[in-house]
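Data file: protein.pdb. Format and content: PDB, C-alpha atoms, pLDDT in the B column.
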```
ATOM      1  CA  MET A  87      79.615  -7.066 -16.028  1.00 57.00           C
ATOM      2  CA  LYS A  88      80.324 -10.705 -15.272  1.00 61.00           C
ATOM      3  CA  THR A  89      78.015 -12.501 -12.837  1.00 77.00           C
ATOM      4  CA  GLN A  90      79.598 -14.604 -10.134  1.00 87.00           C
ATOM      5  CA  SER A  91      78.285 -18.170 -10.041  1.00 87.00           C
ATOM      6  CA  MET A  92      77.654 -19.708  -6.673  1.00 92.00           C
ATOM      7  CA  ALA A  93      76.331 -22.909  -5.185  1.00 91.00           C
ATOM      8  CA  CYS A  94      72.600 -22.879  -4.603  1.00 92.00           C
ATOM      9  CA  ARG A  95      71.724 -22.523  -0.906  1.00 94.00           C
ATOM     10  CA  LEU A  96      69.702 -25.627  -0.076  1.00 93.00           C
ATOM     11  CA  GLY A  97      66.472 -24.708   1.643  1.00 95.00           C
ATOM     12  CA  CYS A  98      66.331 -21.186   0.205  1.00 97.00           C
ATOM     13  CA  GLY A  99      63.409 -21.615  -2.208  1.00 97.00           C
ATOM     14  CA  ALA A 100      63.386 -17.958  -3.317  1.00 97.00           C
ATOM     15  CA  CYS A 101      63.515 -18.950  -7.006  1.00 96.00           C
ATOM     16  CA  CYS A 102      60.450 -21.152  -6.405  1.00 97.00           C
ATOM     17  CA  ILE A 103      58.452 -18.375  -4.744  1.00 98.00           C
ATOM     18  CA  ALA A 104      59.365 -14.916  -6.061  1.00 97.00           C
ATOM     19  CA  PRO A 105      59.190 -15.232  -9.864  1.00 97.00           C
ATOM     20  CA  SER A 106      56.203 -15.983 -12.020  1.00 97.00           C
ATOM     21  CA  ILE A 107      56.523 -19.155 -14.091  1.00 97.00           C
ATOM     22  CA  SER A 108      54.385 -19.271 -17.217  1.00 96.00           C
ATOM     23  CA  SER A 109      55.139 -22.868 -18.193  1.00 95.00           C
ATOM     24  CA  PRO A 110      53.153 -25.767 -16.730  1.00 97.00           C
ATOM     25  CA  ILE A 111      54.407 -27.302 -13.503  1.00 97.00           C
ATOM     26  CA  PRO A 112      53.135 -30.700 -12.344  1.00 97.00           C
ATOM     27  CA  GLY A 113      50.184 -29.830 -10.120  1.00 97.00           C
ATOM     28  CA  MET A 114      50.091 -26.264 -11.503  1.00 98.00           C
ATOM     29  CA  PRO A 115      49.067 -26.599 -15.169  1.00 97.00           C
ATOM     30  CA  ASN A 116      48.929 -22.821 -15.666  1.00 97.00           C
ATOM     31  CA  GLY A 117      52.284 -22.141 -14.023  1.00 97.00           C
ATOM     32  CA  LYS A 118      52.410 -19.840 -11.009  1.00 98.00           C
ATOM     33  CA  LYS A 119      52.099 -16.162 -10.197  1.00 98.00           C
ATOM     34  CA  ALA A 120      54.921 -14.076  -8.764  1.00 97.00           C
ATOM     35  CA  GLY A 121      55.040 -14.472  -5.004  1.00 97.00           C
ATOM     36  CA  GLU A 122      53.074 -17.727  -5.095  1.00 98.00           C
ATOM     37  CA  ARG A 123      54.810 -20.735  -3.569  1.00 98.00           C
ATOM     38  CA  CYS A 124      55.351 -23.535  -6.081  1.00 98.00           C
ATOM     39  CA  ILE A 125      53.363 -26.639  -5.190  1.00 98.00           C
ATOM     40  CA  GLN A 126      56.528 -28.685  -5.821  1.00 98.00           C
ATOM     41  CA  LEU A 127      58.464 -26.902  -3.055  1.00 98.00           C
ATOM     42  CA  ASP A 128      58.489 -29.105   0.036  1.00 98.00           C
ATOM     43  CA  GLU A 129      58.359 -28.067   3.709  1.00 96.00           C
ATOM     44  CA  ARG A 130      62.178 -27.800   3.763  1.00 97.00           C
ATOM     45  CA  ASN A 131      62.100 -25.488   0.713  1.00 96.00           C
ATOM     46  CA  LEU A 132      63.559 -28.170  -1.550  1.00 96.00           C
ATOM     47  CA  CYS A 133      62.240 -28.906  -5.032  1.00 97.00           C
ATOM     48  CA  LYS A 134      60.401 -32.224  -5.209  1.00 97.00           C
ATOM     49  CA  LEU A 135      61.132 -32.344  -8.965  1.00 97.00           C
ATOM     50  CA  PHE A 136      64.881 -31.694  -8.819  1.00 94.00           C
ATOM     51  CA  GLY A 137      66.520 -34.060 -11.321  1.00 93.00           C
ATOM     52  CA  ASP A 138      63.120 -35.170 -12.665  1.00 95.00           C
ATOM     53  CA  GLU A 139      62.403 -34.752 -16.393  1.00 94.00           C
ATOM     54  CA  SER A 140      58.996 -33.225 -15.580  1.00 94.00           C
ATOM     55  CA  ARG A 141      60.698 -30.226 -13.950  1.00 95.00           C
ATOM     56  CA  PRO A 142      60.052 -27.130 -16.118  1.00 95.00           C
ATOM     57  CA  LYS A 143      62.936 -26.086 -18.357  1.00 95.00           C
ATOM     58  CA  VAL A 144      62.961 -22.589 -16.877  1.00 95.00           C
ATOM     59  CA  CYS A 145      63.631 -24.134 -13.462  1.00 95.00           C
ATOM     60  CA  SER A 146      66.322 -26.494 -14.733  1.00 94.00           C
ATOM     61  CA  ASP A 147      68.028 -23.622 -16.566  1.00 94.00           C
ATOM     62  CA  PHE A 148      68.201 -21.363 -13.491  1.00 94.00           C
ATOM     63  CA  SER A 149      71.731 -20.853 -12.177  1.00 93.00           C
ATOM     64  CA  ALA A 150      72.435 -19.325  -8.798  1.00 95.00           C
ATOM     65  CA  THR A 151      74.523 -16.167  -9.044  1.00 96.00           C
ATOM     66  CA  LEU A 152      75.511 -13.653  -6.405  1.00 95.00           C
ATOM     67  CA  ASP A 153      73.704 -10.789  -8.177  1.00 94.00           C
ATOM     68  CA  VAL A 154      70.401 -12.733  -8.174  1.00 95.00           C
ATOM     69  CA  CYS A 155      70.680 -14.777  -4.978  1.00 96.00           C
ATOM     70  CA  GLY A 156      72.570 -12.352  -2.771  1.00 96.00           C
ATOM     71  CA  THR A 157      74.125 -13.337   0.525  1.00 95.00           C
ATOM     72  CA  SER A 158      71.156 -14.913   2.333  1.00 97.00           C
ATOM     73  CA  ASN A 159      67.814 -16.565   1.668  1.00 96.00           C
ATOM     74  CA  GLU A 160      66.016 -13.329   2.589  1.00 97.00           C
ATOM     75  CA  HIS A 161      68.283 -11.323   0.288  1.00 97.00           C
ATOM     76  CA  ALA A 162      67.542 -13.746  -2.573  1.00 97.00           C
ATOM     77  CA  LEU A 163      63.797 -13.353  -2.067  1.00 97.00           C
ATOM     78  CA  THR A 164      64.148  -9.552  -2.128  1.00 97.00           C
ATOM     79  CA  LEU A 165      66.391  -9.508  -5.222  1.00 97.00           C
ATOM     80  CA  ILE A 166      64.300 -11.971  -7.246  1.00 97.00           C
ATOM     81  CA  THR A 167      61.095 -10.117  -6.282  1.00 97.00           C
ATOM     82  CA  GLU A 168      62.641  -6.835  -7.482  1.00 97.00           C
ATOM     83  CA  LEU A 169      63.767  -8.441 -10.752  1.00 96.00           C
ATOM     84  CA  GLU A 170      60.274  -9.870 -11.285  1.00 95.00           C
ATOM     85  CA  GLN A 171      58.727  -6.430 -10.769  1.00 95.00           C
ATOM     86  CA  LEU A 172      61.139  -4.867 -13.287  1.00 95.00           C
ATOM     87  CA  THR A 173      60.293  -7.351 -16.040  1.00 88.00           C
TER      88      THR A 173
END
```
What does this structure look like when you write it as C-alpha cells?
Amino acid sequence: MKTQSMACRLGCGACCIAPSISSPIPGMPNGKKAGERCIQLDERNLCKLFGDESRPKVCSDFSATLDVCGTSNEHALTLITELEQLT
C-alpha cells in the first residue's frame, strides 16, 4: 500500500506531542514521553528548531502522509497516538 504524501499542516503539532522521542532534544536531554508536549513546540504549535541542525534526526526525517496525519489536526493526534500505542 502506497502512502500519500501531503503538506504538513502548520500549527498542527501532533507529531511533536503524540509520539515518544528517545533521542535528546535541546531542553529535553532524555527525549520525551508519548503524549508529552515537546519543549521546542511554540504557542502556535510550530517547531522552534525547524531548519536548525540541533533538531533531532527523527523529527527532520518525519514526512506528513495522509495515513499518519489524517484530515485534521485532531485526526493526526488520534492517529499518531494509536500508532505510538501499537509500537
**Prompt:** Using all atoms listed in the file, which of A:Cys133, A:Met92, A:Val154, A:Cys98 sits nearest Leu169 of chain A?
**Reply:**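 The shortest atom-to-atom distance to Leu169 of chain A comes from A:Val154.
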**Item:** the PyMOL selection byres ((chain A and resi 120) around 9) applied to the shown file, residues as a list in words
**Value:**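 With the PyMOL selection byres ((chain A and resi 120) around 9) on this model, the match is Ile103, Ala104, Pro105, Ser106, Ile107, Lys118, Lys119, Gly121, Glu122, Arg123, Thr167, Glu170 and Gln171 of chain A.
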**Prompt:** What separation in Å, quoted to one decimal, exists between atom CA of Cys145 of chain A and atom CA of Pro110 of chain A?
**Reply:** 11.1 Å
Using 3 Å of padding on each side, determine the axis-aligned box around all atoms of segment 127-142 of chain A present in the file and give its centre and edge lengths in Å to one decimal, as JSON.
```
{"center_x": 62.4, "center_y": -30.3, "center_z": -6.3, "size_x": 14.2, "size_y": 15.7, "size_z": 26.2}
```
Using only C-alpha atoms, determine which residues lie at most 10 Å from Ser91 of chain A, disregarding the query and same-chain residues fewer than 3 positions distant; provide the list as a short mmCIF file (atom, residue, chain, number, x, y, z; two decimals) with C-alpha atoms, in the coordinates of the input.
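Wrote around-v2.cif, looks like this:
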```
data_model
loop_
_atom_site.label_atom_id
_atom_site.label_comp_id
_atom_site.auth_asym_id
_atom_site.auth_seq_id
_atom_site.Cartn_x
_atom_site.Cartn_y
_atom_site.Cartn_z
CA LYS A 88 80.32 -10.70 -15.27
CA CYS A 94 72.60 -22.88 -4.60
CA SER A 149 71.73 -20.85 -12.18
CA ALA A 150 72.44 -19.32 -8.80
CA THR A 151 74.52 -16.17 -9.04
CA LEU A 152 75.51 -13.65 -6.40
CA ASP A 153 73.70 -10.79 -8.18
CA VAL A 154 70.40 -12.73 -8.17
CA CYS A 155 70.68 -14.78 -4.98
#
```
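Atom to atom, atom CA of Asp147 of chain A and atom CA of Cys101 of chain A stand 11.6 Å apart.
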**Item:** Length of the atom CA of Lys134 of chain A to atom CA of Leu172 of chain A vector [Å]
**Value:**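 Distance reported for this atom pair: 28.5 Å.
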**Asked** In terms of the shortest atom-to-atom distance over all atoms listed in the file, which of A:Leu135, A:Cys124, A:Arg130, A:Gly156 is closest to Ser108 of chain A?
**Response**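 Residue with the minimum atom-to-atom distance to Ser108 of chain A: A:Cys124.
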**Asked** Between A:Thr157, A:Asn131, A:Gln126, A:Asn116, which is the closest to Ala93 of chain A once you count only C-alpha atoms?
**Response**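 Nearest candidate to Ala93 of chain A out of A:Thr157, A:Asn131, A:Gln126, A:Asn116: A:Thr157.
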**Asked** Smallest atom-to-atom distance to Ile166 of chain A: which of A:Glu139, A:Leu96, A:Cys102, A:Gln90, using all atoms listed in the file?
**Response**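 That would be A:Cys102, the residue with the smallest distance to Ile166 of chain A.
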**Prompt:** Using all atoms listed in the file, which residue out of A:Glu160, A:Asp138, A:Glu168, A:Glu129 lies closest to Ile111 of chain A?
**Reply:**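 Closest candidate: A:Asp138.
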Missing atoms in segment 104-124 of chain A should be modelled up to N, CA, C and O atoms and reported as a PDB file, keeping the file's coordinate frame.
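Below is the file selection.pdb, written as the result:
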```
ATOM      1  N   ALA A 104      59.414 -16.293  -5.574  1.00 97.00           N
ATOM      2  CA  ALA A 104      59.365 -14.916  -6.061  1.00 97.00           C
ATOM      3  C   ALA A 104      58.951 -14.747  -7.525  1.00 97.00           C
ATOM      4  O   ALA A 104      58.098 -13.911  -7.821  1.00 97.00           O
ATOM      5  N   PRO A 105      59.527 -15.498  -8.462  1.00 97.00           N
ATOM      6  CA  PRO A 105      59.190 -15.232  -9.864  1.00 97.00           C
ATOM      7  C   PRO A 105      57.893 -15.900 -10.316  1.00 97.00           C
ATOM      8  O   PRO A 105      57.469 -16.905  -9.749  1.00 97.00           O
ATOM      9  N   SER A 106      57.307 -15.304 -11.353  1.00 97.00           N
ATOM     10  CA  SER A 106      56.203 -15.983 -12.020  1.00 97.00           C
ATOM     11  C   SER A 106      56.817 -17.028 -12.944  1.00 97.00           C
ATOM     12  O   SER A 106      57.938 -16.865 -13.422  1.00 97.00           O
ATOM     13  N   ILE A 107      56.096 -18.110 -13.159  1.00 97.00           N
ATOM     14  CA  ILE A 107      56.523 -19.155 -14.091  1.00 97.00           C
ATOM     15  C   ILE A 107      55.338 -19.421 -14.999  1.00 97.00           C
ATOM     16  O   ILE A 107      54.275 -19.833 -14.539  1.00 97.00           O
ATOM     17  N   SER A 108      55.511 -19.148 -16.284  1.00 96.00           N
ATOM     18  CA  SER A 108      54.385 -19.271 -17.217  1.00 96.00           C
ATOM     19  C   SER A 108      54.224 -20.681 -17.767  1.00 96.00           C
ATOM     20  O   SER A 108      53.159 -21.021 -18.264  1.00 96.00           O
ATOM     21  N   SER A 109      55.248 -21.505 -17.672  1.00 95.00           N
ATOM     22  CA  SER A 109      55.139 -22.868 -18.193  1.00 95.00           C
ATOM     23  C   SER A 109      54.456 -23.770 -17.170  1.00 95.00           C
ATOM     24  O   SER A 109      54.493 -23.504 -15.968  1.00 95.00           O
ATOM     25  N   PRO A 110      53.818 -24.840 -17.646  1.00 97.00           N
ATOM     26  CA  PRO A 110      53.153 -25.767 -16.730  1.00 97.00           C
ATOM     27  C   PRO A 110      54.138 -26.412 -15.760  1.00 97.00           C
ATOM     28  O   PRO A 110      55.271 -26.719 -16.115  1.00 97.00           O
ATOM     29  N   ILE A 111      53.668 -26.611 -14.554  1.00 97.00           N
ATOM     30  CA  ILE A 111      54.407 -27.302 -13.503  1.00 97.00           C
ATOM     31  C   ILE A 111      53.494 -28.442 -13.065  1.00 97.00           C
ATOM     32  O   ILE A 111      52.283 -28.235 -12.938  1.00 97.00           O
ATOM     33  N   PRO A 112      54.012 -29.641 -12.833  1.00 97.00           N
ATOM     34  CA  PRO A 112      53.135 -30.700 -12.344  1.00 97.00           C
ATOM     35  C   PRO A 112      52.360 -30.233 -11.102  1.00 97.00           C
ATOM     36  O   PRO A 112      52.946 -29.742 -10.136  1.00 97.00           O
ATOM     37  N   GLY A 113      51.046 -30.307 -11.200  1.00 97.00           N
ATOM     38  CA  GLY A 113      50.184 -29.830 -10.120  1.00 97.00           C
ATOM     39  C   GLY A 113      49.769 -28.370 -10.272  1.00 97.00           C
ATOM     40  O   GLY A 113      48.911 -27.889  -9.551  1.00 97.00           O
ATOM     41  N   MET A 114      50.407 -27.671 -11.214  1.00 98.00           N
ATOM     42  CA  MET A 114      50.091 -26.264 -11.503  1.00 98.00           C
ATOM     43  C   MET A 114      50.101 -26.094 -13.027  1.00 98.00           C
ATOM     44  O   MET A 114      51.049 -25.554 -13.592  1.00 98.00           O
ATOM     45  N   PRO A 115      49.061 -26.571 -13.706  1.00 97.00           N
ATOM     46  CA  PRO A 115      49.067 -26.599 -15.169  1.00 97.00           C
ATOM     47  C   PRO A 115      49.177 -25.229 -15.831  1.00 97.00           C
ATOM     48  O   PRO A 115      49.589 -25.133 -16.982  1.00 97.00           O
ATOM     49  N   ASN A 116      48.838 -24.169 -15.115  1.00 97.00           N
ATOM     50  CA  ASN A 116      48.929 -22.821 -15.666  1.00 97.00           C
ATOM     51  C   ASN A 116      50.157 -22.077 -15.164  1.00 97.00           C
ATOM     52  O   ASN A 116      50.229 -20.854 -15.273  1.00 97.00           O
ATOM     53  N   GLY A 117      51.115 -22.791 -14.592  1.00 97.00           N
ATOM     54  CA  GLY A 117      52.284 -22.141 -14.023  1.00 97.00           C
ATOM     55  C   GLY A 117      51.933 -21.521 -12.679  1.00 97.00           C
ATOM     56  O   GLY A 117      51.001 -21.964 -12.012  1.00 97.00           O
ATOM     57  N   LYS A 118      52.680 -20.492 -12.283  1.00 98.00           N
ATOM     58  CA  LYS A 118      52.410 -19.840 -11.009  1.00 98.00           C
ATOM     59  C   LYS A 118      52.634 -18.343 -11.107  1.00 98.00           C
ATOM     60  O   LYS A 118      53.402 -17.870 -11.933  1.00 98.00           O
ATOM     61  N   LYS A 119      51.961 -17.616 -10.247  1.00 98.00           N
ATOM     62  CA  LYS A 119      52.099 -16.162 -10.197  1.00 98.00           C
ATOM     63  C   LYS A 119      53.308 -15.786  -9.357  1.00 98.00           C
ATOM     64  O   LYS A 119      53.752 -16.552  -8.496  1.00 98.00           O
ATOM     65  N   ALA A 120      53.823 -14.599  -9.583  1.00 97.00           N
ATOM     66  CA  ALA A 120      54.921 -14.076  -8.764  1.00 97.00           C
ATOM     67  C   ALA A 120      54.477 -14.028  -7.309  1.00 97.00           C
ATOM     68  O   ALA A 120      53.351 -13.642  -7.000  1.00 97.00           O
ATOM     69  N   GLY A 121      55.343 -14.475  -6.424  1.00 97.00           N
ATOM     70  CA  GLY A 121      55.040 -14.472  -5.004  1.00 97.00           C
ATOM     71  C   GLY A 121      54.271 -15.687  -4.519  1.00 97.00           C
ATOM     72  O   GLY A 121      54.110 -15.887  -3.321  1.00 97.00           O
ATOM     73  N   GLU A 122      53.811 -16.504  -5.447  1.00 98.00           N
ATOM     74  CA  GLU A 122      53.074 -17.727  -5.095  1.00 98.00           C
ATOM     75  C   GLU A 122      54.078 -18.870  -4.912  1.00 98.00           C
ATOM     76  O   GLU A 122      54.971 -19.062  -5.725  1.00 98.00           O
ATOM     77  N   ARG A 123      53.926 -19.602  -3.850  1.00 98.00           N
ATOM     78  CA  ARG A 123      54.810 -20.735  -3.569  1.00 98.00           C
ATOM     79  C   ARG A 123      54.506 -21.871  -4.540  1.00 98.00           C
ATOM     80  O   ARG A 123      53.354 -22.257  -4.728  1.00 98.00           O
ATOM     81  N   CYS A 124      55.529 -22.412  -5.173  1.00 98.00           N
ATOM     82  CA  CYS A 124      55.351 -23.535  -6.081  1.00 98.00           C
ATOM     83  C   CYS A 124      54.869 -24.747  -5.291  1.00 98.00           C
ATOM     84  O   CYS A 124      55.385 -25.046  -4.203  1.00 98.00           O
TER      85      CYS A 124
END
```
